[in-house]
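In what follows, a structure is listed as structure tokens, so that the remarks can point back to it.
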Amino acid sequence: MKRSDLTEKILDIKREKGWSWSYICEEIGGMSPVLVVGALIGEHKLVKPLAKKAATLFGLSAVEEAMLNEVPMRGQSTPMPPTDPLIYRLYELVMVNGPAMKLLIEEEFGDGIMSAIDFNMEIEREANPKGDRVKLGMSGKFLPFKYYGNEQGIPDYGFKES
């Protein structure tokens, strides 16, 4: 069985049972809903206790449970550029605003990147009389670049200089 086959099986069971993602995430628990759903569709892994809960919930075999605990090959389910309108708009948001965000982050923190591994994300519904809004909150650890081969007196890392 390929991981994509397991994803389809999980989605089929979800449809057959009429479950919402929020119900599934409540039953499995233990992590952000973004990570739980991401794991069920093959973009993340579930730690063993959560893989066991998911396997019980979905009636999966021991092999399928083990697959949920394997580190996946991430990002293969979405073509680049994305074709799904919602994912494309997120991609567009980063493509259009990313350069300015990069400059502002570097000015505040220094020479480095924002981690997408040591990362938190929240998705909320924000009521608005003109139509409800999607509120995304993202927080990633700042990882400074390491200046290797540096001479005495040259900083080791790209933290903001005074």
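Just so we're on the same page: first chain in the structure tokens is A, next is B, and so on; residues restart at 1 for each chain, and ligands are numbered from 1 in the order they show up.
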Exercise: Ser77 (chain A) partners within 10 Å, only C-alpha atoms, chain neighbours under 3 positions left out, as a PyMOL selection string:
chain A and resi 4+41-43+73-74+80+82
Export, as a short mmCIF file (atom, residue, chain, number, x, y, z; two decimals), in the first residue's frame, the selected residues with C-alpha atoms.
data_model
loop_
_atom_site.label_atom_id
_atom_site.label_comp_id
_atom_site.auth_asym_id
_atom_site.auth_seq_id
_atom_site.Cartn_x
_atom_site.Cartn_y
_atom_site.Cartn_z
CA SER A 4 -1.66 8.03 -0.96
CA ILE A 41 -3.67 13.33 4.52
CA GLY A 42 0.01 12.33 4.46
CA GLU A 43 1.83 15.64 5.02
CA MET A 73 7.76 12.95 1.91
CA ARG A 74 6.09 16.32 2.39
CA MET A 80 3.74 24.18 -7.99
CA PRO A 82 -0.78 25.32 -6.78
#
Could you tell me how far CA of Leu11 (chain A) lies from CA of Glu122 (chain A), in Å and to one decimal?
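These atoms are spaced 22.8 Å apart.
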Select, from A:Gln152, A:Glu16, A:Lys9, A:Leu50, the residue with the minimum atom-to-atom distance to Ser32 (chain A), counting only C-alpha atoms.
A:Leu50
Within 8 Å of Met114 (chain A), counting only C-alpha atoms, which residues qualify if same-chain residues fewer than 4 places away don't, as a tab-separated table (two decimals) with C-alpha atoms, in the first residue's frame?
chain	number	residue	atom	x	y	z
A	140	GLY	CA	7.96	30.48	13.76
A	141	LYS	CA	11.25	30.47	15.63
A	142	PHE	CA	13.89	32.81	14.18
A	143	LEU	CA	16.87	30.81	12.95
Residues near region 90-93 of chain A, cut-off 12 Å, only C-alpha atoms, skip fewer than 4 positions along chain, as a PyMOL selection string:
chain A and resi 78-86+97-101+134+136
Dump as a PDB file, in the first residue's frame, selection limited to N, CA and C atoms:
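In the end it all went to result.pdb:
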ATOM      1  N   THR A  78       0.716  18.727  -3.655  1.00  0.00           N
ATOM      2  CA  THR A  78       0.339  20.004  -4.246  1.00  0.00           C
ATOM      3  C   THR A  78       1.315  20.378  -5.350  1.00  0.00           C
ATOM      4  N   PRO A  79       0.822  20.566  -6.578  1.00  0.00           N
ATOM      5  CA  PRO A  79       1.713  20.988  -7.667  1.00  0.00           C
ATOM      6  C   PRO A  79       2.166  22.431  -7.449  1.00  0.00           C
ATOM      7  N   MET A  80       3.249  22.805  -8.077  1.00  0.00           N
ATOM      8  CA  MET A  80       3.742  24.177  -7.992  1.00  0.00           C
ATOM      9  C   MET A  80       3.734  24.810  -9.374  1.00  0.00           C
ATOM     10  N   PRO A  81       3.120  25.956  -9.557  1.00  0.00           N
ATOM     11  CA  PRO A  81       2.320  26.628  -8.549  1.00  0.00           C
ATOM     12  C   PRO A  81       1.033  25.855  -8.285  1.00  0.00           C
ATOM     13  N   PRO A  82       0.441  26.057  -7.115  1.00  0.00           N
ATOM     14  CA  PRO A  82      -0.780  25.315  -6.780  1.00  0.00           C
ATOM     15  C   PRO A  82      -1.915  25.651  -7.742  1.00  0.00           C
ATOM     16  N   THR A  83      -2.788  24.699  -7.945  1.00  0.00           N
ATOM     17  CA  THR A  83      -3.942  24.931  -8.824  1.00  0.00           C
ATOM     18  C   THR A  83      -5.241  25.067  -8.036  1.00  0.00           C
ATOM     19  N   ASP A  84      -5.289  24.553  -6.807  1.00  0.00           N
ATOM     20  CA  ASP A  84      -6.477  24.724  -5.971  1.00  0.00           C
ATOM     21  C   ASP A  84      -6.593  26.214  -5.613  1.00  0.00           C
ATOM     22  N   PRO A  85      -7.756  26.834  -5.830  1.00  0.00           N
ATOM     23  CA  PRO A  85      -7.873  28.278  -5.613  1.00  0.00           C
ATOM     24  C   PRO A  85      -7.481  28.747  -4.210  1.00  0.00           C
ATOM     25  N   LEU A  86      -7.887  28.033  -3.163  1.00  0.00           N
ATOM     26  CA  LEU A  86      -7.541  28.468  -1.811  1.00  0.00           C
ATOM     27  C   LEU A  86      -6.036  28.359  -1.574  1.00  0.00           C
ATOM     28  N   ASN A  97       3.533  39.316  -0.852  1.00  0.00           N
ATOM     29  CA  ASN A  97       3.929  39.972   0.397  1.00  0.00           C
ATOM     30  C   ASN A  97       5.223  39.437   0.990  1.00  0.00           C
ATOM     31  N   GLY A  98       5.688  38.280   0.508  1.00  0.00           N
ATOM     32  CA  GLY A  98       6.881  37.650   1.057  1.00  0.00           C
ATOM     33  C   GLY A  98       8.118  38.531   1.047  1.00  0.00           C
ATOM     34  N   PRO A  99       8.436  39.222  -0.075  1.00  0.00           N
ATOM     35  CA  PRO A  99       9.633  40.066  -0.075  1.00  0.00           C
ATOM     36  C   PRO A  99       9.604  41.163   1.004  1.00  0.00           C
ATOM     37  N   ALA A 100       8.430  41.801   1.193  1.00  0.00           N
ATOM     38  CA  ALA A 100       8.322  42.832   2.229  1.00  0.00           C
ATOM     39  C   ALA A 100       8.412  42.196   3.619  1.00  0.00           C
ATOM     40  N   MET A 101       7.760  41.050   3.800  1.00  0.00           N
ATOM     41  CA  MET A 101       7.829  40.347   5.089  1.00  0.00           C
ATOM     42  C   MET A 101       9.271  39.971   5.402  1.00  0.00           C
ATOM     43  N   VAL A 134     -11.246  34.796   7.347  1.00  0.00           N
ATOM     44  CA  VAL A 134     -10.341  33.749   7.810  1.00  0.00           C
ATOM     45  C   VAL A 134      -9.167  34.450   8.481  1.00  0.00           C
ATOM     46  N   LEU A 136      -5.551  33.864  10.076  1.00  0.00           N
ATOM     47  CA  LEU A 136      -4.421  32.952  10.229  1.00  0.00           C
ATOM     48  C   LEU A 136      -3.418  33.581  11.180  1.00  0.00           C
TER      49      LEU A 136
END
Interatomic distance (Å, one decimal) between CA of Trp21 (chain A) and CA of Thr7 (chain A)
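Result for CA of Trp21 (chain A) versus CA of Thr7 (chain A): 13.9 Å, one decimal.
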When distances are computed from only C-alpha atoms, which of A:Cys25, A:Leu40, A:Ile123, A:Ala62 shows the smallest separation from Leu6 (chain A)?
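Answer, going by the shortest atom-to-atom distance: A:Leu40.
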Please determine, counting only C-alpha atoms, which residue among A:Ser139, A:Val94, A:Ile154, A:Gly131 has the shortest atom-to-atom distance to Ala116 (chain A).
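Residue with the minimum atom-to-atom distance to Ala116 (chain A): A:Ser139.
Distance check against Glu70 (chain A) using only C-alpha atoms: of A:Lys52, A:Arg3, A:Arg15, A:Arg89, the minimum falls on A:Arg3.
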Would you kindly return, as a count of residues only, each protein, DNA or RNA residue with an atom no farther than 9 Å from any atom of Ala51 (chain A), considering only C-alpha atoms and excluding same-chain residues fewer than 5 positions away?
9
Work out how far CA of Gly158 (chain A) is from CA of Asp111 (chain A), in Å to one decimal.
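The value is 4.5 Å.
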Run DSSP on the backbone and give me the residues of region 74-117 of chain A it puts in strand (DSSP E), as a ChimeraX atom specification.
/A:112-117
Keeping only C-alpha atoms, write the selected residues to a file as a short mmCIF file (atom, residue, chain, number, x, y, z; two decimals), in the first residue's frame.
data_model
loop_
_atom_site.label_atom_id
_atom_site.label_comp_id
_atom_site.auth_asym_id
_atom_site.auth_seq_id
_atom_site.Cartn_x
_atom_site.Cartn_y
_atom_site.Cartn_z
CA GLY A 112 18.17 34.35 9.01
CA ILE A 113 14.87 32.64 8.42
CA MET A 114 11.60 31.87 10.17
CA SER A 115 11.32 28.18 10.92
CA ALA A 116 8.43 26.21 9.48
CA ILE A 117 9.49 23.29 11.70
#
Please, which residues of chain A, numbered as in this document, come out helix (DSSP H, G or I) from DSSP, as a PyMOL selection string?
chain A and resi 3-17+21-28+33-40+48-58+62-68+85-109
